[in-house]
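For reference, query-v4.txt is printed below; it contains compact mmCIF, C-alpha atoms and all ligand atoms.
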# COMPACT_ATOMS: atom_id res chain seq x y z
CA MET K 1 -6.78 -6.00 -19.88
CA ALA K 2 -5.56 -3.36 -17.43
CA THR K 3 -5.59 -4.41 -13.79
CA ILE K 4 -7.67 -2.48 -11.28
CA PHE K 5 -4.40 -1.03 -9.96
CA SER K 6 -3.40 0.21 -13.44
CA LYS K 7 -6.77 1.96 -13.50
CA ILE K 8 -5.88 3.56 -10.15
CA ILE K 9 -2.53 4.70 -11.61
CA SER K 10 -4.26 6.25 -14.64
CA GLY K 11 -6.89 7.90 -12.42
CA GLU K 12 -9.75 5.97 -14.01
CA ILE K 13 -10.53 4.58 -10.53
CA PRO K 14 -10.17 6.93 -7.54
CA SER K 15 -7.87 6.17 -4.61
CA TYR K 16 -6.50 7.78 -1.47
CA LYS K 17 -2.90 8.35 -2.57
CA VAL K 18 -0.16 8.66 0.02
CA ALA K 19 3.06 8.65 -2.03
CA GLU K 20 4.16 8.66 -5.64
CA ASN K 21 7.29 8.86 -7.74
CA GLN K 22 8.10 8.11 -11.35
CA ASP K 23 7.94 4.34 -10.93
CA PHE K 24 5.79 3.63 -7.86
CA LEU K 25 2.52 4.60 -6.21
CA ALA K 26 1.23 4.07 -2.67
CA PHE K 27 -2.45 4.37 -1.70
CA LEU K 28 -4.71 3.25 1.14
CA ASP K 29 -6.23 -0.21 0.87
CA ILE K 30 -9.98 0.12 0.40
CA ASN K 31 -10.74 -2.84 2.69
CA PRO K 32 -8.07 -2.44 5.38
CA ASN K 33 -6.95 -4.95 7.99
CA ALA K 34 -6.13 -1.92 10.15
CA LYS K 35 -6.26 1.87 9.92
CA GLY K 36 -3.34 2.95 7.70
CA HIS K 37 -3.16 -0.29 5.66
CA THR K 38 -1.37 0.86 2.51
CA LEU K 39 -0.52 -0.74 -0.82
CA CYS K 40 2.73 0.05 -2.66
CA ILE K 41 2.75 -0.81 -6.35
CA PRO K 42 5.04 -0.50 -9.34
CA LYS K 43 3.46 1.55 -12.13
CA LYS K 44 4.67 -1.06 -14.58
CA GLU K 45 2.07 -3.84 -14.54
CA THR K 46 3.63 -7.12 -13.38
CA ASN K 47 1.69 -10.06 -11.99
CA ARG K 48 3.90 -11.75 -9.40
CA LEU K 49 6.47 -10.30 -6.99
CA PHE K 50 9.20 -12.61 -8.21
CA ASP K 51 8.48 -11.77 -11.85
CA LEU K 52 10.19 -8.44 -11.07
CA SER K 53 13.84 -8.03 -11.96
CA MET K 54 16.16 -7.80 -8.97
CA ASP K 55 16.50 -4.03 -9.60
CA GLU K 56 12.72 -3.54 -9.77
CA TYR K 57 12.25 -5.64 -6.63
CA THR K 58 14.89 -3.66 -4.72
CA ALA K 59 13.43 -0.33 -5.85
CA LEU K 60 9.92 -1.41 -4.77
CA MET K 61 11.24 -2.39 -1.34
CA GLN K 62 13.09 0.95 -1.01
CA PHE K 63 9.90 2.83 -1.88
CA SER K 64 7.92 0.68 0.59
CA TYR K 65 10.51 1.40 3.30
CA SER K 66 9.98 5.17 2.92
CA VAL K 67 6.21 4.78 2.91
CA ALA K 68 6.37 2.57 6.05
CA LYS K 69 8.43 5.25 7.82
CA ALA K 70 5.74 7.81 6.97
CA ILE K 71 2.96 5.50 8.21
CA GLU K 72 4.83 4.98 11.50
CA LYS K 73 4.88 8.74 12.05
CA VAL K 74 1.13 9.06 11.61
CA VAL K 75 -0.54 5.85 12.80
CA GLU K 76 -0.17 4.68 16.38
CA CYS K 77 0.94 1.08 16.22
CA ASN K 78 3.39 -1.40 17.65
CA ARG K 79 5.03 -1.80 14.22
CA VAL K 80 4.30 -1.76 10.52
CA GLY K 81 4.13 -5.24 9.01
CA LEU K 82 4.84 -6.08 5.39
CA SER K 83 3.12 -8.76 3.40
CA VAL K 84 2.88 -9.76 -0.25
CA ILE K 85 -0.05 -11.93 -1.32
CA GLY K 86 -1.50 -11.02 -4.71
CA LEU K 87 -4.20 -13.68 -4.96
CA GLU K 88 -6.92 -11.06 -5.57
CA VAL K 89 -5.23 -8.48 -7.79
CA PRO K 90 -2.64 -9.72 -10.35
CA HIS K 91 -0.51 -6.58 -10.13
CA VAL K 92 2.42 -6.64 -7.71
CA HIS K 93 1.62 -4.87 -4.44
CA VAL K 94 3.25 -4.69 -1.04
CA HIS K 95 0.82 -4.52 1.87
CA LEU K 96 2.08 -2.25 4.67
CA ILE K 97 -0.10 -2.86 7.70
CA PRO K 98 0.06 -1.08 11.08
CA LEU K 99 0.07 -3.91 13.62
CA ASN K 100 -1.07 -3.88 17.23
CA GLU K 101 -2.51 -7.35 17.46
CA MET K 102 -2.16 -10.56 15.47
CA LYS K 103 -5.61 -10.03 13.95
CA ASN K 104 -4.24 -6.98 12.06
CA ALA K 105 -2.03 -9.38 10.10
CA GLN K 106 -4.98 -11.59 9.25
CA PHE K 107 -6.79 -10.74 6.07
CA THR K 108 -10.08 -11.94 7.56
CA HIS K 109 -10.22 -9.04 10.03
CA LYS K 110 -11.31 -5.74 8.44
CA GLU K 111 -11.80 -2.16 9.66
CA ASN K 112 -14.43 0.33 8.50
CA LEU K 113 -13.39 3.91 7.84
CA THR K 114 -15.45 6.85 6.63
CA SER K 115 -14.36 8.60 3.44
CA GLU K 116 -13.42 11.61 5.62
CA ALA K 117 -11.19 9.37 7.75
CA TYR K 118 -9.54 7.92 4.62
CA GLN K 119 -8.99 11.42 3.24
CA SER K 120 -7.38 12.86 6.35
CA LEU K 121 -5.27 9.75 6.95
CA ALA K 122 -3.97 9.81 3.36
CA ALA K 123 -3.20 13.53 3.64
CA ASP K 124 -1.28 13.04 6.91
CA ILE K 125 0.77 10.10 5.58
CA ALA K 126 1.44 12.01 2.33
CA GLU K 127 2.73 14.97 4.32
CA ALA K 128 4.97 12.75 6.47
CA TYR K 129 6.28 11.05 3.31
CA LYS K 130 7.04 14.39 1.61
CA SER K 131 8.80 15.75 4.67
CA GLN K 132 11.29 12.88 4.64
CA ASN K 133 11.93 12.75 0.86
P1 LIG C 201 -4.24 -9.50 -2.56
O1 LIG C 201 -4.24 -9.48 -4.07
O2 LIG C 201 -2.88 -9.20 -1.99
O3 LIG C 201 -4.84 -10.76 -2.02
O4 LIG C 201 -5.21 -8.34 -2.05
C1 LIG C 201 -5.55 -7.23 -2.84
C2 LIG C 201 -5.80 -6.03 -1.93
O5 LIG C 201 -6.22 -4.96 -2.75
C3 LIG C 201 -6.91 -6.26 -0.89
O6 LIG C 201 -6.42 -5.92 0.40
C4 LIG C 201 -8.03 -5.31 -1.34
O7 LIG C 201 -8.74 -4.74 -0.27
C5 LIG C 201 -7.28 -4.27 -2.14
N1 LIG C 201 -8.08 -3.70 -3.22
C6 LIG C 201 -8.78 -4.38 -4.16
N2 LIG C 201 -9.38 -3.52 -5.00
C7 LIG C 201 -9.07 -2.27 -4.59
C8 LIG C 201 -9.40 -0.96 -5.07
O8 LIG C 201 -10.12 -0.77 -6.05
N3 LIG C 201 -8.86 0.08 -4.38
C9 LIG C 201 -8.06 -0.09 -3.30
N4 LIG C 201 -7.59 1.01 -2.71
N5 LIG C 201 -7.73 -1.30 -2.82
C10 LIG C 201 -8.23 -2.38 -3.45
If you took the structure in this file and wrote it as C-alpha cells, what would it be?
Amino acid sequence: MATIFSKIISGEIPSYKVAENQDFLAFLDINPNAKGHTLCIPKKETNRLFDLSMDEYTALMQFSYSVAKAIEKVVECNRVGLSVIGLEVPHVHVHLIPLNEMKNAQFTHKENLTSEAYQSLAADIAEAYKSQN
C-alpha cells in the first residue's frame, strides 16, 4: 500500500511544497515543531533511512542541504536542525527544523499555523530555493 508521502508525491493528498526535483520532494510538515519545519523525501518509497543505497543517501542529504539553506533565508532562527525518525510514516524523510530553543527539537512541542501562513511560508521558501538552484 502506498505511504501517505507517496500520496503527497502523486498529488492525491495536498501539501505545501517548497522544493522538488526528479528524485526528491520537500514540503512543510503539517504538525510542525516550529514554523518552517520541512520534510525532505525521496520519491522512491523506502522505509528506513539506512535501507537507502549510499548514493541515494548522499543525494537525499545534498537535496536537504539546499532546502535548509532556503529555509535559513526565510525563517528567523538560530539554526536549522536535522533529524530522522520515521516511527510514524514508513517512508524515508529528513526533518529540517528551524531551532531557537530546545523545545523546537522536541516532537512533543507543536506550533499552529493558518493555511494562509503555510501557503505564504511555502511560497517564500520555494522562491529562495529556486533562486539558489
Ligand atoms: P516521523 O515518522 O518522523 O515520526 O514523523 C512523521 C512526520 O510526518 C510528523 O512530523 C508528521 O507531522 C508528518 N506528517 C504526517 N502526515 C502528514 C501529512 O499528511 N502531511 C504532512 N505535510 N506531514 C505529515
Using Å and a single decimal, report how far CA of Ile125 in chain K sits from atom P1 of ligand LIG 201 (chain C).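 About the pair atom P1 of ligand LIG 201 (chain C) and CA of Ile125 in chain K: they are 21.8 Å apart.
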Which of these residues is nearest to ligand LIG 201 (chain C), using all atoms listed in the file: K:Ala117, K:Val89, K:Ala128, K:Ala105? K:Val89
Listed atoms of range 70-87 of chain K, axis-aligned box, 3 Å per side: centre and edge lengths to one decimal in Å, as JSON?
{"center_x": 0.8, "center_y": -2.3, "center_z": 6.3, "size_x": 15.9, "size_y": 28.7, "size_z": 28.6}
Closest-contact table, chain K side, partner ligand LIG 201 (chain C), 8 Å, counting only C-alpha atoms and all ligand atoms, as a Markdown table:
| residue | atom | partner | partner_atom | distance |
| --- | --- | --- | --- | --- |
| K:Ile4 | CA | C:LIG201 | O8 | 6.0 |
| K:Phe5 | CA | C:LIG201 | O8 | 6.9 |
| K:Ile8 | CA | C:LIG201 | O8 | 7.3 |
| K:Ile13 | CA | C:LIG201 | O8 | 7.0 |
| K:Pro14 | CA | C:LIG201 | N3 | 7.7 |
| K:Ser15 | CA | C:LIG201 | N4 | 5.5 |
| K:Tyr16 | CA | C:LIG201 | N4 | 7.0 |
| K:Phe27 | CA | C:LIG201 | N4 | 6.2 |
| K:Leu28 | CA | C:LIG201 | N4 | 5.3 |
| K:Asp29 | CA | C:LIG201 | N4 | 4.0 |
| K:Ile30 | CA | C:LIG201 | N4 | 4.0 |
| K:Asn31 | CA | C:LIG201 | O7 | 4.0 |
| K:Pro32 | CA | C:LIG201 | O7 | 6.1 |
| K:Asn33 | CA | C:LIG201 | O6 | 7.7 |
| K:Leu39 | CA | C:LIG201 | O5 | 7.4 |
| K:Val84 | CA | C:LIG201 | O2 | 6.0 |
| K:Ile85 | CA | C:LIG201 | O2 | 4.0 |
| K:Gly86 | CA | C:LIG201 | O1 | 3.2 |
| K:Leu87 | CA | C:LIG201 | O3 | 4.2 |
| K:Glu88 | CA | C:LIG201 | O1 | 3.5 |
| K:Val89 | CA | C:LIG201 | O1 | 4.0 |
| K:Pro90 | CA | C:LIG201 | O1 | 6.5 |
| K:His91 | CA | C:LIG201 | O1 | 7.7 |
| K:His93 | CA | C:LIG201 | O2 | 6.7 |
| K:Val94 | CA | C:LIG201 | O2 | 7.7 |
| K:His95 | CA | C:LIG201 | O2 | 7.1 |
| K:Phe107 | CA | C:LIG201 | O6 | 7.5 |
Counting all atoms listed in the file, find the residues whose atoms lie at most 10 Å from (3.8, -3.5, -14.2) (file coordinates) and write them out as a ChimeraX atom specification. /K:2-3,5-6,23-24,41-48,51-52,56,90-92
Print the selection's residues with C-alpha atoms to a file, as a short mmCIF file (atom, residue, chain, number, x, y, z; two decimals), in the frame of the given file.
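Resulting contents of part-v4.cif:
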data_model
loop_
_atom_site.label_atom_id
_atom_site.label_comp_id
_atom_site.auth_asym_id
_atom_site.auth_seq_id
_atom_site.Cartn_x
_atom_site.Cartn_y
_atom_site.Cartn_z
CA ALA K 2 -5.56 -3.36 -17.43
CA THR K 3 -5.59 -4.41 -13.79
CA PHE K 5 -4.40 -1.03 -9.96
CA SER K 6 -3.40 0.21 -13.44
CA ASP K 23 7.94 4.34 -10.93
CA PHE K 24 5.79 3.63 -7.86
CA ILE K 41 2.75 -0.81 -6.35
CA PRO K 42 5.04 -0.50 -9.34
CA LYS K 43 3.46 1.55 -12.13
CA LYS K 44 4.67 -1.06 -14.58
CA GLU K 45 2.07 -3.84 -14.54
CA THR K 46 3.63 -7.12 -13.38
CA ASN K 47 1.69 -10.06 -11.99
CA ARG K 48 3.90 -11.75 -9.40
CA ASP K 51 8.48 -11.77 -11.85
CA LEU K 52 10.19 -8.44 -11.07
CA GLU K 56 12.72 -3.54 -9.77
CA PRO K 90 -2.64 -9.72 -10.35
CA HIS K 91 -0.51 -6.58 -10.13
CA VAL K 92 2.42 -6.64 -7.71
#
Between K:Lys130, K:Lys17, K:His37, K:His109, which one has atoms that come closest to Cys77 in chain K, using only C-alpha atoms? K:His37
Between K:Gln119, K:Ser83, K:Ser64, K:Thr114, which one has atoms that come closest to Glu20 in chain K, using all atoms listed in the file?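 So, comparing all the options, the nearest one is K:Ser64.
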In Å, with one decimal, what is the gap from CA of Gly11 in chain K to CA of Ile97 in chain K? 23.8 Å
Taking the structure I provided as the source, export range 52-132 of chain K with C-alpha atoms, as an mmCIF file, in the first residue's frame.
data_model
loop_
_atom_site.group_PDB
_atom_site.id
_atom_site.type_symbol
_atom_site.label_atom_id
_atom_site.label_comp_id
_atom_site.auth_asym_id
_atom_site.auth_seq_id
_atom_site.Cartn_x
_atom_site.Cartn_y
_atom_site.Cartn_z
ATOM 1 C CA LEU K 52 18.901 3.624 1.091
ATOM 2 C CA SER K 53 21.971 2.927 -1.003
ATOM 3 C CA MET K 54 24.954 5.132 -0.203
ATOM 4 C CA ASP K 55 24.288 7.098 -3.425
ATOM 5 C CA GLU K 56 20.598 7.605 -2.568
ATOM 6 C CA TYR K 57 21.515 8.625 0.988
ATOM 7 C CA THR K 58 24.108 11.136 -0.238
ATOM 8 C CA ALA K 59 21.707 12.589 -2.808
ATOM 9 C CA LEU K 60 18.975 12.981 -0.163
ATOM 10 C CA MET K 61 21.401 14.806 2.129
ATOM 11 C CA GLN K 62 22.516 17.089 -0.740
ATOM 12 C CA PHE K 63 18.889 17.931 -1.509
ATOM 13 C CA SER K 64 18.202 18.539 2.209
ATOM 14 C CA TYR K 65 21.248 20.834 2.393
ATOM 15 C CA SER K 66 19.848 23.060 -0.378
ATOM 16 C CA VAL K 67 16.406 23.115 1.214
ATOM 17 C CA ALA K 68 17.928 24.007 4.627
ATOM 18 C CA LYS K 69 19.793 26.921 3.013
ATOM 19 C CA ALA K 70 16.490 28.186 1.590
ATOM 20 C CA ILE K 71 14.744 27.828 4.972
ATOM 21 C CA GLU K 72 17.549 29.800 6.657
ATOM 22 C CA LYS K 73 16.953 32.677 4.235
ATOM 23 C CA VAL K 74 13.254 32.861 5.056
ATOM 24 C CA VAL K 75 12.718 31.794 8.666
ATOM 25 C CA GLU K 76 14.351 33.678 11.514
ATOM 26 C CA CYS K 77 16.107 31.109 13.645
ATOM 27 C CA ASN K 78 19.329 30.357 15.436
ATOM 28 C CA ARG K 79 19.964 27.390 13.116
ATOM 29 C CA VAL K 80 18.207 24.693 11.140
ATOM 30 C CA GLY K 81 18.353 21.294 12.820
ATOM 31 C CA LEU K 82 18.149 17.967 11.029
ATOM 32 C CA SER K 83 16.537 14.859 12.387
ATOM 33 C CA VAL K 84 15.472 11.478 11.029
ATOM 34 C CA ILE K 85 12.894 9.499 12.989
ATOM 35 C CA GLY K 86 10.375 7.672 10.818
ATOM 36 C CA LEU K 87 8.346 5.958 13.532
ATOM 37 C CA GLU K 88 5.076 7.441 12.226
ATOM 38 C CA VAL K 89 5.464 7.327 8.446
ATOM 39 C CA PRO K 90 7.405 4.381 6.918
ATOM 40 C CA HIS K 91 8.790 6.430 4.034
ATOM 41 C CA VAL K 92 12.240 7.964 4.491
ATOM 42 C CA HIS K 93 12.055 11.645 5.441
ATOM 43 C CA VAL K 94 14.520 14.180 6.754
ATOM 44 C CA HIS K 95 13.051 16.679 9.214
ATOM 45 C CA LEU K 96 14.546 20.164 8.786
ATOM 46 C CA ILE K 97 13.519 22.215 11.797
ATOM 47 C CA PRO K 98 14.259 25.905 12.457
ATOM 48 C CA LEU K 99 15.606 25.965 16.014
ATOM 49 C CA ASN K 100 15.574 28.785 18.533
ATOM 50 C CA GLU K 101 15.031 26.802 21.690
ATOM 51 C CA MET K 102 15.472 23.179 22.711
ATOM 52 C CA LYS K 103 11.697 22.669 22.626
ATOM 53 C CA ASN K 104 11.785 23.133 18.819
ATOM 54 C CA ALA K 105 13.797 19.907 18.619
ATOM 55 C CA GLN K 106 11.265 18.058 20.746
ATOM 56 C CA PHE K 107 8.474 16.381 18.863
ATOM 57 C CA THR K 108 6.088 16.983 21.765
ATOM 58 C CA HIS K 109 6.055 20.751 21.180
ATOM 59 C CA LYS K 110 3.879 21.806 18.222
ATOM 60 C CA GLU K 111 3.011 25.109 16.529
ATOM 61 C CA ASN K 112 -0.310 26.089 14.954
ATOM 62 C CA LEU K 113 -0.295 27.854 11.605
ATOM 63 C CA THR K 114 -3.189 29.035 9.472
ATOM 64 C CA SER K 115 -3.464 27.709 5.924
ATOM 65 C CA GLU K 116 -2.594 31.240 4.711
ATOM 66 C CA ALA K 117 0.580 31.181 6.827
ATOM 67 C CA TYR K 118 1.518 27.748 5.441
ATOM 68 C CA GLN K 119 0.897 28.957 1.894
ATOM 69 C CA SER K 120 2.982 32.105 2.137
ATOM 70 C CA LEU K 121 5.792 30.342 4.014
ATOM 71 C CA ALA K 122 5.956 27.585 1.378
ATOM 72 C CA ALA K 123 5.968 30.168 -1.419
ATOM 73 C CA ASP K 124 8.805 32.141 0.217
ATOM 74 C CA ILE K 125 10.961 29.052 0.841
ATOM 75 C CA ALA K 126 10.242 27.808 -2.707
ATOM 76 C CA GLU K 127 11.392 31.137 -4.117
ATOM 77 C CA ALA K 128 14.575 31.113 -2.018
ATOM 78 C CA TYR K 129 15.253 27.515 -3.119
ATOM 79 C CA LYS K 130 14.760 28.367 -6.816
ATOM 80 C CA SER K 131 16.998 31.407 -6.591
ATOM 81 C CA GLN K 132 19.926 29.304 -5.400
#
